[in-house]
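Peer 1: This is the structure I have questions about; it appears just below.
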Amino acid sequence: MPGIHTIEISAEPAVAGDRDTIGGWPLLAAGEPWPACFCGKPMAFFFQVGVPAFGGDQLLVFQCPVHDDVTFGPPQLPDRYWDEVTEPYEGPFWRLLFRSGGTPSPGPEPLLEARRLVLHPAEETVDDTGRGLPGFKLGGVPSWAQSPEHYRCACGTDMVFLCQVPENYGFDLWPMRDRNDQVQLFLGNELYVMACPARCHPEAAWPALQN
Ligand SMILES: [Zn+2]
Ligand SMILES: [Zn+2]
């Protein structure tokens with residue numbers, strides 16, 4: 001099996017310029033505005049990681065802290081699906097961005113506690129149902145909570161699995177008011193980030209969601 005990286009959330013605070021973080025300073029393109037939800041609120045910046053399979057480009061994950069429901073798309077995703085598939089809302093409420101290089105934003109994400117992520121090389125293990133390791137990881141095979149899903153990018157390329165966030169994963173709010181002060185991506189569904197290996201667009205990624 002191909003190697004994977006398991007993702008550990010360290011206790012160390014993130015600083016501007018860190019590439020692998022929860023919260024903190026997203027490495028956006030120079031001068032790029034902070035993503036906003038269709039509702040007008042700034043999206044929360046959940047995490048970023050450098051993706052070895054994509055030449056070390058950054059994957060950046062944003063979602064509105066209010067609009068956080070599950071989205072569904074057809075197996076053949078339509079043109080500009082990152083803007084056009086907005087169910088169950090009336091406009092885009094999440095962003096999965098790829099950026100190369102990147103410049104730290106002027107300030108950090110205000111809602112989340114900024115922590116460094118540590119990537120550990122590991123071996124993928126696939127069980128006899130074809131599911132990979134559970135947990136927060138980069139690469140390998142999804143640990144599908146339900147049946148495997150397949151997506152084709154609008155450009156016609158079959159999408160590949162890049163990154164998994166486990167079910168009910170809570171991101172700590174900052175400042176912490178009590179232990180339950182956490183936010184979740186997509187109502188805490190397990191998130192499988194699927195991406196277009198043809199790299200047809202810097203937003204050519206799709207959030208497959210299961211519980
Ligand atoms: Zn919103
Ligand atoms: Zn594509």
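Within each chain, counting starts at residue 1; across the structure tokens, chains are named A, B, ... in the order shown, with ligands numbered 1 upward in that order.
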Quick one: which chain A residues come within 7 Å of ligand 1, and what is the nearest atom pair for each with the distance in Å to one decimal, counting only C-alpha atoms and all ligand atoms, rows ordered by chain and ascending number, as CSV?

Peer 2:
```
residue,atom,partner,partner_atom_place_in_ligand_line,distance
A:Cys37,CA,ligand 1,1 (Zn),4.6
A:Phe38,CA,ligand 1,1 (Zn),5.8
A:Cys39,CA,ligand 1,1 (Zn),4.4
A:Gly40,CA,ligand 1,1 (Zn),6.6
A:Lys41,CA,ligand 1,1 (Zn),5.7
A:Cys64,CA,ligand 1,1 (Zn),4.7
A:Pro65,CA,ligand 1,1 (Zn),6.7
A:Val66,CA,ligand 1,1 (Zn),5.3
A:His67,CA,ligand 1,1 (Zn),4.5
A:Phe93,CA,ligand 1,1 (Zn),5.7
```

Peer 1: Would you write out those residues with C-alpha atoms, as an mmCIF file, in the first residue's frame?

Peer 2:
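Below you can see result.cif, which holds the result:
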```cif
data_model
loop_
_atom_site.group_PDB
_atom_site.id
_atom_site.type_symbol
_atom_site.label_atom_id
_atom_site.label_comp_id
_atom_site.auth_asym_id
_atom_site.auth_seq_id
_atom_site.Cartn_x
_atom_site.Cartn_y
_atom_site.Cartn_z
ATOM 1 C CA CYS A 37 -19.776 32.620 3.357
ATOM 2 C CA PHE A 38 -22.807 33.453 1.216
ATOM 3 C CA CYS A 39 -24.279 34.927 4.444
ATOM 4 C CA GLY A 40 -21.521 37.540 4.501
ATOM 5 C CA LYS A 41 -19.670 36.207 7.565
ATOM 6 C CA CYS A 64 -18.918 29.128 7.881
ATOM 7 C CA PRO A 65 -19.227 28.750 11.679
ATOM 8 C CA VAL A 66 -23.032 29.093 11.331
ATOM 9 C CA HIS A 67 -23.770 27.297 8.057
ATOM 10 C CA PHE A 93 -20.557 27.944 2.713
#
```

Peer 1: Can you pull out every residue with an atom within 6 Å of ligand 2? Use only C-alpha atoms and all ligand atoms and format it as number ranges by chain.

Peer 2: A: 153-155, 157, 196, 198-200, 204

Peer 1: Contacts of region 30-34 of chain A at 12 Å or less, counting only C-alpha atoms, minus same-chain residues fewer than 3 places along, as a ChimeraX atom specification?

Peer 2: /A:25-27,37,40-45,60-64,95,97,99-109

Peer 1: Per DSSP on the backbone, what are the helix (DSSP H, G or I) residues of region 80-176 of chain A, as a PyMOL selection string?

Peer 2: chain A and resi 81-84

Peer 1: For a test of reading the model, state the distance in Å between CA of Thr6 (chain A) and CA of Leu96 (chain A), rounded to one decimal.

Peer 2: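 Pair CA of Thr6 (chain A) / CA of Leu96 (chain A) returns 19.5 Å.
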
Peer 1: Which residues of region 53-142 of chain A come within 9 Å of region 158-177 of chain A, and for each one, what is the closest pair of atoms and their distance in Å to one decimal, counting only C-alpha atoms, sorted by chain and residue number, as a Markdown table?

Peer 2:
```
| residue | atom | partner | partner_atom | distance |
| --- | --- | --- | --- | --- |
| A:Ala53 | CA | A:Leu162 | CA | 8.3 |
| A:Pro110 | CA | A:Trp174 | CA | 7.2 |
| A:Leu111 | CA | A:Trp174 | CA | 5.4 |
| A:Leu112 | CA | A:Leu173 | CA | 4.3 |
| A:Glu113 | CA | A:Trp174 | CA | 4.6 |
| A:Ala114 | CA | A:Trp174 | CA | 8.2 |
| A:Pro134 | CA | A:Pro166 | CA | 6.9 |
| A:Gly135 | CA | A:Pro166 | CA | 5.1 |
| A:Phe136 | CA | A:Val165 | CA | 4.7 |
| A:Lys137 | CA | A:Gln164 | CA | 5.3 |
| A:Leu138 | CA | A:Cys163 | CA | 4.4 |
| A:Gly139 | CA | A:Leu162 | CA | 4.8 |
| A:Gly140 | CA | A:Phe161 | CA | 7.3 |
| A:Val141 | CA | A:Phe161 | CA | 6.9 |
| A:Pro142 | CA | A:Gln164 | CA | 6.9 |
```

Peer 1: Taking the backbone alone, and naming residues the way the document does, which bits of region 102-203 of chain A are strand (DSSP E) by DSSP, as a list in words?

Peer 2: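 Written out, the strand (DSSP E) residues of region 102-203 of chain A are Thr103, Pro104, Arg115, Arg116, Leu117, Val118, Leu119, His120, Pro121, Ala122, Glu123, Lys137, Leu138, Val160, Phe161, Leu162, Cys163, Gln164, Val165, Phe171, Asp172, Gln182, Val183, Glu190, Leu191, Tyr192, Val193, Met194 and Ala195 of chain A.
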
Peer 1: Residues of the last selection are to be written out with N, CA, C and O atoms, as a CSV table (one decimal), in the first residue's frame.

Peer 2:
```csv
chain,number,residue,atom,x,y,z
A,103,THR,N,1.1,33.1,1.3
A,103,THR,CA,1.6,34.1,2.2
A,103,THR,C,0.7,34.1,3.5
A,103,THR,O,-0.5,34.0,3.3
A,104,PRO,N,1.3,34.1,4.7
A,104,PRO,CA,0.4,34.1,5.8
A,104,PRO,C,-0.6,35.3,5.8
A,104,PRO,O,-0.2,36.4,5.4
A,115,ARG,N,-3.1,25.7,16.6
A,115,ARG,CA,-2.2,24.6,17.0
A,115,ARG,C,-1.4,24.1,15.8
A,115,ARG,O,-1.9,24.1,14.7
A,116,ARG,N,-0.2,23.7,16.1
A,116,ARG,CA,0.6,23.0,15.1
A,116,ARG,C,0.1,21.6,14.9
A,116,ARG,O,-0.2,20.9,15.8
A,117,LEU,N,0.1,21.2,13.6
A,117,LEU,CA,-0.1,19.8,13.3
A,117,LEU,C,1.2,19.1,13.0
A,117,LEU,O,2.1,19.8,12.4
A,118,VAL,N,1.3,17.9,13.3
A,118,VAL,CA,2.5,17.1,13.1
A,118,VAL,C,2.1,15.9,12.2
A,118,VAL,O,1.2,15.2,12.5
A,119,LEU,N,2.8,15.8,11.0
A,119,LEU,CA,2.5,14.7,10.1
A,119,LEU,C,3.5,13.6,10.3
A,119,LEU,O,4.7,13.8,10.3
A,120,HIS,N,3.0,12.4,10.6
A,120,HIS,CA,3.8,11.2,10.8
A,120,HIS,C,3.7,10.2,9.6
A,120,HIS,O,2.6,9.8,9.3
A,121,PRO,N,4.8,9.9,9.0
A,121,PRO,CA,4.7,8.9,7.9
A,121,PRO,C,4.2,7.6,8.5
A,121,PRO,O,4.6,7.2,9.7
A,122,ALA,N,3.4,6.9,7.8
A,122,ALA,CA,2.8,5.6,8.3
A,122,ALA,C,2.5,4.7,7.1
A,122,ALA,O,2.5,5.2,6.0
A,123,GLU,N,2.2,3.5,7.5
A,123,GLU,CA,1.8,2.5,6.4
A,123,GLU,C,0.2,2.4,6.5
A,123,GLU,O,-0.3,2.3,7.6
A,137,LYS,N,-5.9,11.9,8.7
A,137,LYS,CA,-4.8,11.4,7.9
A,137,LYS,C,-4.8,12.1,6.5
A,137,LYS,O,-5.8,12.6,6.1
A,138,LEU,N,-3.6,12.0,5.9
A,138,LEU,CA,-3.4,12.4,4.5
A,138,LEU,C,-3.1,11.2,3.7
A,138,LEU,O,-2.1,10.5,4.1
A,160,VAL,N,-9.5,11.7,-6.6
A,160,VAL,CA,-8.7,10.9,-5.7
A,160,VAL,C,-8.9,11.4,-4.3
A,160,VAL,O,-9.1,12.5,-4.0
A,161,PHE,N,-8.8,10.4,-3.3
A,161,PHE,CA,-8.9,10.7,-1.9
A,161,PHE,C,-7.6,11.4,-1.4
A,161,PHE,O,-6.5,10.9,-1.7
A,162,LEU,N,-7.7,12.5,-0.7
A,162,LEU,CA,-6.5,13.2,-0.2
A,162,LEU,C,-6.4,13.2,1.3
A,162,LEU,O,-5.3,13.1,1.9
A,163,CYS,N,-7.5,13.4,2.0
A,163,CYS,CA,-7.4,13.8,3.4
A,163,CYS,C,-8.7,13.4,4.1
A,163,CYS,O,-9.8,13.5,3.6
A,164,GLN,N,-8.6,12.9,5.4
A,164,GLN,CA,-9.7,12.4,6.1
A,164,GLN,C,-9.7,13.1,7.5
A,164,GLN,O,-8.7,13.2,8.2
A,165,VAL,N,-10.9,13.6,7.9
A,165,VAL,CA,-11.1,14.1,9.2
A,165,VAL,C,-12.2,13.2,9.9
A,165,VAL,O,-13.3,13.1,9.4
A,171,PHE,N,-13.1,20.9,16.9
A,171,PHE,CA,-12.0,21.9,16.8
A,171,PHE,C,-12.3,22.9,18.0
A,171,PHE,O,-13.3,23.5,18.1
A,172,ASP,N,-11.2,23.1,18.8
A,172,ASP,CA,-11.4,23.9,20.0
A,172,ASP,C,-11.5,25.4,19.6
A,172,ASP,O,-10.7,25.9,18.8
A,182,GLN,N,-16.5,23.8,21.2
A,182,GLN,CA,-15.9,23.3,19.9
A,182,GLN,C,-16.8,23.5,18.8
A,182,GLN,O,-18.0,23.7,18.9
A,183,VAL,N,-16.2,23.6,17.6
A,183,VAL,CA,-17.0,23.7,16.4
A,183,VAL,C,-16.6,22.5,15.5
A,183,VAL,O,-15.5,21.9,15.7
A,190,GLU,N,-18.0,12.5,9.1
A,190,GLU,CA,-16.6,12.2,8.7
A,190,GLU,C,-16.4,12.8,7.3
A,190,GLU,O,-17.3,12.8,6.5
A,191,LEU,N,-15.3,13.5,7.2
A,191,LEU,CA,-15.0,14.2,6.0
A,191,LEU,C,-13.9,13.5,5.2
A,191,LEU,O,-12.8,13.2,5.7
A,192,TYR,N,-14.2,13.3,3.9
A,192,TYR,CA,-13.2,12.7,3.0
A,192,TYR,C,-13.0,13.7,1.9
A,192,TYR,O,-13.9,14.0,1.1
A,193,VAL,N,-11.8,14.4,1.9
A,193,VAL,CA,-11.5,15.4,0.9
A,193,VAL,C,-11.1,14.7,-0.4
A,193,VAL,O,-10.1,14.0,-0.4
A,194,MET,N,-11.9,14.8,-1.4
A,194,MET,CA,-11.6,14.2,-2.7
A,194,MET,C,-11.1,15.4,-3.6
A,194,MET,O,-11.6,16.5,-3.5
A,195,ALA,N,-10.1,15.1,-4.4
A,195,ALA,CA,-9.5,16.2,-5.2
A,195,ALA,C,-9.2,15.7,-6.6
A,195,ALA,O,-9.1,14.5,-6.9
```

Peer 1: Within 12 Å of Asp69 (chain A), counting only C-alpha atoms, which residues show up once you throw out same-chain ones fewer than 2 positions away? Write them as a ChimeraX atom specification, please.

Peer 2: /A:63-67,71-72,86-89,92-94,184-189,207,209-210

Peer 1: Find the residues near Phe54 (chain A): any atom within 9 Å, counting only C-alpha atoms, skip ones fewer than 4 places away on the same chain, and give them as a list in words.

Peer 2: Gly50, Gln58, Pro197 and Arg199 of chain A

Peer 1: Based on the selection just made, write all heavy atoms of those residues as a PDB file, in the first residue's frame.

Peer 2:
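Okay, selection22.pdb is ready:
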```
ATOM      1  N   GLY A  50       0.284  20.794   4.084  1.00  0.00           N
ATOM      2  CA  GLY A  50       0.977  20.607   2.824  1.00  0.00           C
ATOM      3  C   GLY A  50       0.700  19.181   2.346  1.00  0.00           C
ATOM      4  O   GLY A  50       0.739  18.243   3.143  1.00  0.00           O
ATOM      5  N   GLN A  58      -0.490  23.580  -0.504  1.00  0.00           N
ATOM      6  CA  GLN A  58      -1.316  23.634   0.694  1.00  0.00           C
ATOM      7  C   GLN A  58      -2.756  23.267   0.362  1.00  0.00           C
ATOM      8  O   GLN A  58      -3.301  23.763  -0.633  1.00  0.00           O
ATOM      9  CB  GLN A  58      -1.382  25.071   1.230  1.00  0.00           C
ATOM     10  CG  GLN A  58      -0.137  25.632   1.832  1.00  0.00           C
ATOM     11  CD  GLN A  58       0.197  24.994   3.146  1.00  0.00           C
ATOM     12  OE1 GLN A  58       1.141  24.231   3.190  1.00  0.00           O
ATOM     13  NE2 GLN A  58      -0.527  25.293   4.191  1.00  0.00           N
ATOM     14  N   PRO A 197      -6.943  14.996  -9.531  1.00  0.00           N
ATOM     15  CA  PRO A 197      -5.503  14.821  -9.716  1.00  0.00           C
ATOM     16  C   PRO A 197      -4.970  15.530 -10.963  1.00  0.00           C
ATOM     17  O   PRO A 197      -3.766  15.701 -11.102  1.00  0.00           O
ATOM     18  CB  PRO A 197      -5.341  13.302  -9.833  1.00  0.00           C
ATOM     19  CG  PRO A 197      -6.651  12.816 -10.329  1.00  0.00           C
ATOM     20  CD  PRO A 197      -7.692  13.761  -9.781  1.00  0.00           C
ATOM     21  N   ARG A 199      -5.519  18.562 -11.397  1.00  0.00           N
ATOM     22  CA  ARG A 199      -5.296  19.927 -10.887  1.00  0.00           C
ATOM     23  C   ARG A 199      -5.883  20.953 -11.852  1.00  0.00           C
ATOM     24  O   ARG A 199      -5.236  21.941 -12.198  1.00  0.00           O
ATOM     25  CB  ARG A 199      -3.794  20.187 -10.684  1.00  0.00           C
ATOM     26  CG  ARG A 199      -3.002  19.056 -10.007  1.00  0.00           C
ATOM     27  CD  ARG A 199      -3.363  18.850  -8.552  1.00  0.00           C
ATOM     28  NE  ARG A 199      -3.396  20.077  -7.772  1.00  0.00           N
ATOM     29  CZ  ARG A 199      -2.328  20.638  -7.217  1.00  0.00           C
ATOM     30  NH1 ARG A 199      -1.153  20.071  -7.328  1.00  0.00           N
ATOM     31  NH2 ARG A 199      -2.445  21.741  -6.523  1.00  0.00           N
TER      32      ARG A 199
END
```

Peer 1: One decimal, in Å: what's the spacing between CA of Glu84 (chain A) and CA of Val70 (chain A)?

Peer 2: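 CA of Glu84 (chain A) sits 15.0 Å away from CA of Val70 (chain A).
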